[in-house]
Amino acid sequence: MVSKADFGGKTIVVTGAGGGLGSAIVALMAERGARIVGCDQSAEALESPLIASRHVFDLLDRASIEAAIPALLDKDGVPDILINNAGWTRAETLDALTADRIEQELDLNLTGVMTFADPLIKAMAGRGAGSVVFISSVNAIAHFGNPAYAAAKAGINAYAKSIAVELGRSGVRANVVCPGSIRTAAWDHRLAKDPEILGRLKRLYPLGRIVNAHEVAEAVAFLASDRASGITGAVVPVDAGLTAGYLPFIDDILGA
């Protein structure tokens, strides 16, 4: 049974805390008793009253990441739970890739994430306890476009497994949630080009719809909590069935 005090007395660090999914994670964790340490690239993104402590840095700026880590540990202590949520993509196909875009998307979605997470996770291991959840993507499981982002997220999946294997005896668990499409501001640029795109998108999903941010946040909360105490190294799609199989093949070929 889910308790309203699931995270009572726990300090949870959430990156990308001001975004669409980040805000849903913050709201759910705070509702269940957590003290939220929010991280984002601007102070304006962290104005939610649910956030108890705020740290601003840019995952594309190594110096700002390295400055934020001791500041966070000094102010907030070693977190009980770390939710690595921040990420972004715009290079949607191979044709859109350039050397600069490859570098930017790998730096933001993999290198920056690891640079921030690594010292916090090692501090958790030194304490003897900790739970880490990474927000990856279905793009890391099968190809749905965004090739540089997908490569970075596949790296995140591998990184989580390395933590699970190497630091499990130190009391640290690491798991991954791979969302499918979520209707957040990340879709605004696509909708601006094609207002009908979400209707066509739903046809690909066995549940007949895309997931919402709260559904993804619920999976994150479960994996972060003591209810998942025996789960580590797991990669969990929250995708309305997208990665289970290709529904249009059933509709258009077998059902024709």
# chains A, B, ... in the order shown; residues from 1 in each chain; ligands from 1
$ residues_around --residues "A:Pro119" --least-positions-apart "2" --cutoff "10 Å" --atoms "only C-alpha atoms" --output "list of chain:residue names"
A:Glu66, A:Ile69, A:Pro70, A:Leu73, A:Val78, A:Met114, A:Thr115, A:Phe116, A:Ala117, A:Ile121, A:Lys122, A:Ala123, A:Met124, A:Ala125
$ select_by_dssp --residues "stretch 5-151 of chain A" --states "strand (DSSP E or B)" --output "PyMOL selection string"
chain A and resi 11-15+35-40+51-56+81-84+130-135
$ write_last_selection --atoms "N, CA and C atoms" --output "PDB file, in the first residue's frame"
ATOM      1  N   THR A  11      15.552  13.145   2.017  1.00  0.00           N
ATOM      2  CA  THR A  11      15.958  14.232   1.132  1.00  0.00           C
ATOM      3  C   THR A  11      16.126  13.678  -0.271  1.00  0.00           C
ATOM      4  N   ILE A  12      15.409  14.276  -1.221  1.00  0.00           N
ATOM      5  CA  ILE A  12      15.425  13.804  -2.600  1.00  0.00           C
ATOM      6  C   ILE A  12      15.915  14.916  -3.511  1.00  0.00           C
ATOM      7  N   VAL A  13      16.972  14.648  -4.251  1.00  0.00           N
ATOM      8  CA  VAL A  13      17.486  15.573  -5.261  1.00  0.00           C
ATOM      9  C   VAL A  13      16.831  15.241  -6.592  1.00  0.00           C
ATOM     10  N   VAL A  14      16.258  16.247  -7.222  1.00  0.00           N
ATOM     11  CA  VAL A  14      15.617  16.080  -8.527  1.00  0.00           C
ATOM     12  C   VAL A  14      16.249  17.064  -9.506  1.00  0.00           C
ATOM     13  N   THR A  15      16.856  16.565 -10.574  1.00  0.00           N
ATOM     14  CA  THR A  15      17.370  17.455 -11.607  1.00  0.00           C
ATOM     15  C   THR A  15      16.277  17.700 -12.648  1.00  0.00           C
ATOM     16  N   ARG A  35      11.642  15.940   1.483  1.00  0.00           N
ATOM     17  CA  ARG A  35      12.231  17.272   1.382  1.00  0.00           C
ATOM     18  C   ARG A  35      12.916  17.319   0.020  1.00  0.00           C
ATOM     19  N   ILE A  36      12.469  18.238  -0.835  1.00  0.00           N
ATOM     20  CA  ILE A  36      12.918  18.277  -2.216  1.00  0.00           C
ATOM     21  C   ILE A  36      14.053  19.269  -2.391  1.00  0.00           C
ATOM     22  N   VAL A  37      15.134  18.783  -2.970  1.00  0.00           N
ATOM     23  CA  VAL A  37      16.244  19.632  -3.403  1.00  0.00           C
ATOM     24  C   VAL A  37      16.147  19.707  -4.923  1.00  0.00           C
ATOM     25  N   GLY A  38      15.757  20.865  -5.423  1.00  0.00           N
ATOM     26  CA  GLY A  38      15.544  21.025  -6.851  1.00  0.00           C
ATOM     27  C   GLY A  38      16.751  21.579  -7.559  1.00  0.00           C
ATOM     28  N   CYS A  39      17.044  21.033  -8.725  1.00  0.00           N
ATOM     29  CA  CYS A  39      18.158  21.491  -9.555  1.00  0.00           C
ATOM     30  C   CYS A  39      17.635  21.787 -10.959  1.00  0.00           C
ATOM     31  N   ASP A  40      18.050  22.914 -11.507  1.00  0.00           N
ATOM     32  CA  ASP A  40      17.689  23.242 -12.885  1.00  0.00           C
ATOM     33  C   ASP A  40      18.671  24.294 -13.387  1.00  0.00           C
ATOM     34  N   ILE A  51       9.658  23.012  -3.420  1.00  0.00           N
ATOM     35  CA  ILE A  51      11.109  22.819  -3.410  1.00  0.00           C
ATOM     36  C   ILE A  51      11.698  23.519  -2.194  1.00  0.00           C
ATOM     37  N   ALA A  52      12.383  22.749  -1.346  1.00  0.00           N
ATOM     38  CA  ALA A  52      12.920  23.287  -0.096  1.00  0.00           C
ATOM     39  C   ALA A  52      14.285  23.923  -0.274  1.00  0.00           C
ATOM     40  N   SER A  53      15.048  23.438  -1.243  1.00  0.00           N
ATOM     41  CA  SER A  53      16.398  23.927  -1.462  1.00  0.00           C
ATOM     42  C   SER A  53      16.670  23.925  -2.955  1.00  0.00           C
ATOM     43  N   ARG A  54      17.384  24.947  -3.436  1.00  0.00           N
ATOM     44  CA  ARG A  54      17.527  25.143  -4.880  1.00  0.00           C
ATOM     45  C   ARG A  54      18.992  25.275  -5.277  1.00  0.00           C
ATOM     46  N   HIS A  55      19.341  24.633  -6.400  1.00  0.00           N
ATOM     47  CA  HIS A  55      20.695  24.737  -6.941  1.00  0.00           C
ATOM     48  C   HIS A  55      20.600  24.915  -8.450  1.00  0.00           C
ATOM     49  N   VAL A  56      21.261  25.944  -8.950  1.00  0.00           N
ATOM     50  CA  VAL A  56      21.219  26.268 -10.372  1.00  0.00           C
ATOM     51  C   VAL A  56      22.563  25.932 -11.013  1.00  0.00           C
ATOM     52  N   ILE A  81      17.888   9.988  -1.871  1.00  0.00           N
ATOM     53  CA  ILE A  81      17.427   9.564  -3.196  1.00  0.00           C
ATOM     54  C   ILE A  81      17.876  10.611  -4.208  1.00  0.00           C
ATOM     55  N   LEU A  82      18.321  10.146  -5.361  1.00  0.00           N
ATOM     56  CA  LEU A  82      18.721  11.021  -6.459  1.00  0.00           C
ATOM     57  C   LEU A  82      17.906  10.660  -7.687  1.00  0.00           C
ATOM     58  N   ILE A  83      17.181  11.640  -8.223  1.00  0.00           N
ATOM     59  CA  ILE A  83      16.399  11.448  -9.443  1.00  0.00           C
ATOM     60  C   ILE A  83      17.046  12.271 -10.547  1.00  0.00           C
ATOM     61  N   ASN A  84      17.691  11.592 -11.486  1.00  0.00           N
ATOM     62  CA  ASN A  84      18.352  12.253 -12.614  1.00  0.00           C
ATOM     63  C   ASN A  84      17.359  12.359 -13.761  1.00  0.00           C
ATOM     64  N   GLY A 130      21.401   4.334  -0.344  1.00  0.00           N
ATOM     65  CA  GLY A 130      20.970   5.318  -1.325  1.00  0.00           C
ATOM     66  C   GLY A 130      20.179   4.666  -2.441  1.00  0.00           C
ATOM     67  N   SER A 131      19.320   5.463  -3.061  1.00  0.00           N
ATOM     68  CA  SER A 131      18.517   4.992  -4.187  1.00  0.00           C
ATOM     69  C   SER A 131      18.621   6.022  -5.300  1.00  0.00           C
ATOM     70  N   VAL A 132      18.885   5.540  -6.511  1.00  0.00           N
ATOM     71  CA  VAL A 132      19.048   6.415  -7.664  1.00  0.00           C
ATOM     72  C   VAL A 132      18.075   5.961  -8.752  1.00  0.00           C
ATOM     73  N   VAL A 133      17.388   6.923  -9.343  1.00  0.00           N
ATOM     74  CA  VAL A 133      16.528   6.622 -10.497  1.00  0.00           C
ATOM     75  C   VAL A 133      16.913   7.568 -11.629  1.00  0.00           C
ATOM     76  N   PHE A 134      17.183   6.999 -12.782  1.00  0.00           N
ATOM     77  CA  PHE A 134      17.486   7.768 -13.979  1.00  0.00           C
ATOM     78  C   PHE A 134      16.265   7.797 -14.886  1.00  0.00           C
ATOM     79  N   ILE A 135      15.972   8.965 -15.439  1.00  0.00           N
ATOM     80  CA  ILE A 135      14.956   9.053 -16.482  1.00  0.00           C
ATOM     81  C   ILE A 135      15.664   8.900 -17.818  1.00  0.00           C
TER      82      ILE A 135
END
$ closest_residue --among "A:Ala129, A:Ala91, A:Leu254, A:Ala152" --to "A:Gly112" --atoms "only C-alpha atoms"
A:Ala152
$ residues_around --residues "A:Ala140" --least-positions-apart "3" --cutoff "12 Å" --atoms "only C-alpha atoms" --output "list in words"
Asn109, Ile135, Ser136, Ser137, His143, Phe144, Gly145, Asn146, Pro147, Ala148, Tyr149, Ala150, Ala151, Ala152, Lys153, Ala154, Gly155, Ile156, Asn157, Ala158, Val176, Val177, Cys178, Pro179, Gly180, Val235, Val236, Pro237 and Thr243 of chain A
$ closest_residue --among "A:Ala244, A:Ala234, A:Ala63, A:Leu207" --to "A:Val220" --atoms "only C-alpha atoms"
A:Ala234
$ atom_distance --atom1 "atom CA of A:Asn212" --atom2 "atom CA of A:Ile182"
5.5 Å
$ select_by_dssp --residues "stretch 124-158 of chain A" --states "alpha helix (DSSP H)" --output "PyMOL selection string"
chain A and resi 124-127+147-158
